[in-house]
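See below for final28.cif, which holds mmCIF, C-alpha atoms and all ligand atoms.
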```cif
data_protein
#
loop_
_atom_site.group_PDB
_atom_site.id
_atom_site.type_symbol
_atom_site.label_atom_id
_atom_site.label_comp_id
_atom_site.auth_asym_id
_atom_site.auth_seq_id
_atom_site.Cartn_x
_atom_site.Cartn_y
_atom_site.Cartn_z
ATOM 1 C CA MET A 1483 -8.505 37.950 -40.018
ATOM 2 C CA PHE A 1484 -4.842 37.464 -39.129
ATOM 3 C CA GLN A 1485 -5.499 38.388 -35.481
ATOM 4 C CA PHE A 1486 -8.376 35.898 -35.350
ATOM 5 C CA ALA A 1487 -5.997 33.158 -36.530
ATOM 6 C CA ILE A 1488 -3.438 34.102 -33.861
ATOM 7 C CA HIS A 1489 -6.146 34.214 -31.193
ATOM 8 C CA SER A 1490 -7.421 30.793 -32.284
ATOM 9 C CA ALA A 1491 -3.903 29.359 -32.176
ATOM 10 C CA ASN A 1492 -3.361 30.734 -28.669
ATOM 11 C CA LEU A 1493 -6.689 29.309 -27.552
ATOM 12 C CA PHE A 1494 -5.777 25.949 -29.035
ATOM 13 C CA GLN A 1495 -2.385 25.951 -27.306
ATOM 14 C CA SER A 1496 -4.026 26.858 -24.015
ATOM 15 C CA LEU A 1497 -6.479 24.017 -24.443
ATOM 16 C CA LEU A 1498 -3.652 21.598 -25.238
ATOM 17 C CA LEU A 1499 -1.765 22.699 -22.133
ATOM 18 C CA GLN A 1500 -4.812 22.105 -19.973
ATOM 19 C CA LEU A 1501 -5.322 18.680 -21.511
ATOM 20 C CA ARG A 1502 -1.685 17.798 -20.822
ATOM 21 C CA LEU A 1503 -2.060 18.936 -17.208
ATOM 22 C CA VAL A 1504 -5.193 16.856 -16.781
ATOM 23 C CA GLY A 1505 -3.412 13.859 -18.323
ATOM 24 C CA ALA A 1506 -0.344 14.315 -16.147
ATOM 25 C CA PHE A 1507 -2.411 14.606 -12.958
ATOM 26 C CA SER A 1508 -4.481 11.595 -14.005
ATOM 27 C CA VAL A 1509 -1.354 9.469 -14.449
ATOM 28 C CA LEU A 1510 0.036 10.796 -11.173
ATOM 29 C CA GLY A 1511 -3.235 9.978 -9.423
ATOM 30 C CA LEU A 1512 -3.326 6.460 -10.828
ATOM 31 C CA CYS A 1513 0.286 5.850 -9.798
ATOM 32 C CA SER A 1514 -0.438 7.151 -6.298
ATOM 33 C CA TRP A 1515 -3.563 4.997 -6.040
ATOM 34 C CA SER A 1516 -1.621 1.946 -7.180
ATOM 35 C CA LEU A 1517 1.172 2.608 -4.692
ATOM 36 C CA ILE A 1518 -1.247 3.175 -1.795
ATOM 37 C CA SER A 1519 -3.187 0.051 -2.743
ATOM 38 C CA CYS A 1520 0.033 -1.974 -2.832
ATOM 39 C CA ILE A 1521 1.116 -0.659 0.584
ATOM 40 C CA MET A 1522 -2.309 -1.467 2.066
ATOM 41 C CA ASP A 1523 -2.116 -5.013 0.667
ATOM 42 C CA VAL A 1524 1.335 -5.500 2.193
ATOM 43 C CA ILE A 1525 0.137 -4.230 5.581
ATOM 44 C CA THR A 1526 -2.935 -6.484 5.477
ATOM 45 C CA GLN A 1527 -0.826 -9.498 4.543
ATOM 46 C CA ALA A 1528 1.728 -8.714 7.270
ATOM 47 C CA LYS A 1529 -1.034 -8.466 9.881
ATOM 48 C CA LYS A 1530 -2.407 -11.814 8.750
ATOM 49 C CA MET A 1531 1.015 -13.465 8.860
ATOM 50 C CA HIS A 1532 1.512 -12.209 12.419
ATOM 51 C CA GLN A 1533 -1.636 -14.084 13.465
ATOM 52 C CA ILE A 1534 0.029 -17.439 12.751
ATOM 53 C CA PRO A 1535 0.685 -18.856 16.221
ATOM 54 C CA CYS A 1536 3.071 -21.676 15.326
ATOM 55 C CA SER A 1537 6.272 -20.048 16.518
ATOM 56 C CA LYS A 1538 4.801 -19.866 20.056
ATOM 57 C CA CYS A 1539 3.326 -23.363 19.987
ATOM 58 C CA ARG A 1540 4.586 -26.297 22.005
ATOM 59 C CA PHE A 1541 4.400 -28.602 18.959
ATOM 60 C CA PHE A 1542 6.466 -26.373 16.702
ATOM 61 C CA THR A 1543 9.883 -27.942 16.166
ATOM 62 C CA GLY A 1544 11.713 -25.173 14.340
ATOM 63 C CA ASP A 1545 13.048 -27.786 11.927
ATOM 64 C CA TYR A 1546 12.116 -27.129 8.299
ATOM 65 C CA ARG A 1547 11.835 -30.890 7.625
ATOM 66 C CA LEU A 1548 9.081 -31.350 10.209
ATOM 67 C CA LYS A 1549 7.759 -27.999 11.375
ATOM 68 C CA CYS A 1550 5.031 -29.407 13.559
ATOM 69 C CA THR A 1551 4.581 -32.839 15.087
ATOM 70 C CA VAL A 1552 0.773 -32.603 15.103
ATOM 71 C CA ASN A 1553 -0.181 -30.772 11.892
ATOM 72 C CA PRO A 1554 2.925 -30.637 9.722
ATOM 73 C CA SER A 1555 1.013 -29.777 6.556
ATOM 74 C CA VAL A 1556 -0.484 -26.560 7.932
ATOM 75 C CA ALA A 1557 2.292 -25.393 10.221
ATOM 76 C CA ASN A 1558 3.451 -21.860 9.508
ATOM 77 C CA THR A 1559 0.694 -21.294 6.955
ATOM 78 C CA GLU A 1560 -2.454 -19.163 7.071
ATOM 79 C CA GLN A 1561 -4.438 -22.355 7.731
ATOM 80 C CA ALA A 1562 -2.785 -22.561 11.147
ATOM 81 C CA ILE A 1563 -4.292 -19.269 12.344
ATOM 82 C CA ASP A 1564 -7.220 -20.973 14.063
ATOM 83 C CA CYS A 1565 -5.446 -24.231 14.784
ATOM 84 C CA GLY A 1566 -7.326 -26.221 17.395
ATOM 85 C CA ASP A 1567 -4.193 -28.057 18.497
ATOM 86 C CA TYR A 1568 -2.340 -24.914 19.525
ATOM 87 C CA ARG A 1569 -0.744 -25.183 22.931
ATOM 88 C CA GLU A 1570 1.357 -22.379 24.229
ATOM 89 C CA SER A 1571 4.994 -23.202 24.569
ATOM 90 C CA GLN A 1572 6.305 -23.238 28.094
ATOM 91 C CA ASN A 1573 9.625 -21.783 26.950
ATOM 92 C CA SER A 1574 8.175 -18.378 25.981
HETATM 93 S S1 LIG A 1601 -0.194 -27.553 16.416
HETATM 94 FE FE1 LIG A 1601 -1.119 -25.989 15.103
HETATM 95 S S2 LIG A 1601 -0.437 -24.035 15.992
HETATM 96 FE FE2 LIG A 1601 0.898 -25.651 16.812
HETATM 97 S S3 LIG A 1601 2.648 -25.679 15.443
HETATM 98 FE FE3 LIG A 1601 1.211 -27.230 14.705
HETATM 99 S S4 LIG A 1601 -0.020 -26.174 13.185
HETATM 100 FE FE4 LIG A 1601 1.027 -24.594 14.373
#
```
Could you render the structure from this file as structure tokens?
Amino acid sequence: MFQFAIHSANLFQSLLLQLRLVGAFSVLGLCSWSLISCIMDVITQAKKMHQIPCSKCRFFTGDYRLKCTVNPSVANTEQAIDCGDYRESQNS
């Protein structure tokens, strides 16, 4: 009877250890997934920001008070990606 109790306690401790390992790996997996997802979002956003053509446009002034003489409200924003008024600067 005493040995059965000891065996049951060992089995219970083994089960608890396995549950802790599963929990630890689950948390680690979620953290990794979150980190990878965050990095992918940053890369996607950076790629999108590099599509903004304003810095190479003839109408871009470089002055923060009036960034563009044609479309000042959309200059240097994501809305300027497909800007129909884009003209390549002759300086670059
Ligand atoms: S004309 Fe269009 S592409 Fe050129 S600077 Fe203005 S918003 Fe940007």
Query - Residues selected by the PyMOL selection byres (((chain A and resi 1550-1562) around 7) and not hetatm), written as a PyMOL selection string - result: chain A and resi 1531+1534+1536+1541-1543+1548-1549+1563-1565
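The interatomic distance for the pair CA of Gly1544 (chain A) and atom FE2 of ligand LIG 1601 (chain A) works out to 11.1 Å.
Take CA of His1532 (chain A) and atom S1 of ligand LIG 1601 (chain A): the distance between them is 15.9 Å.
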Requested in this report: Around the point (2.8, -23.0, 26.2), in the coordinates given by the file, pick out the residues reaching within 10 Å, counting all atoms listed in the file, and return them as a PyMOL selection string.
Outcome: chain A and resi 1538-1541+1568-1574
Might I get the box with edges along x, y and z of the file that holds all atoms of region 1552-1562 of chain A listed there, padded by 5 Å on every side, given as centre and edge lengths in Å to one decimal, as AutoDock Vina command-line options?
```
--center_x -0.5 --center_y -25.9 --center_z 10.8 --size_x 17.9 --size_y 23.4 --size_z 18.5
```
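The two atoms in question, atom S3 of ligand LIG 1601 (chain A) and CA of Gly1566 (chain A), are spaced 10.2 Å apart.
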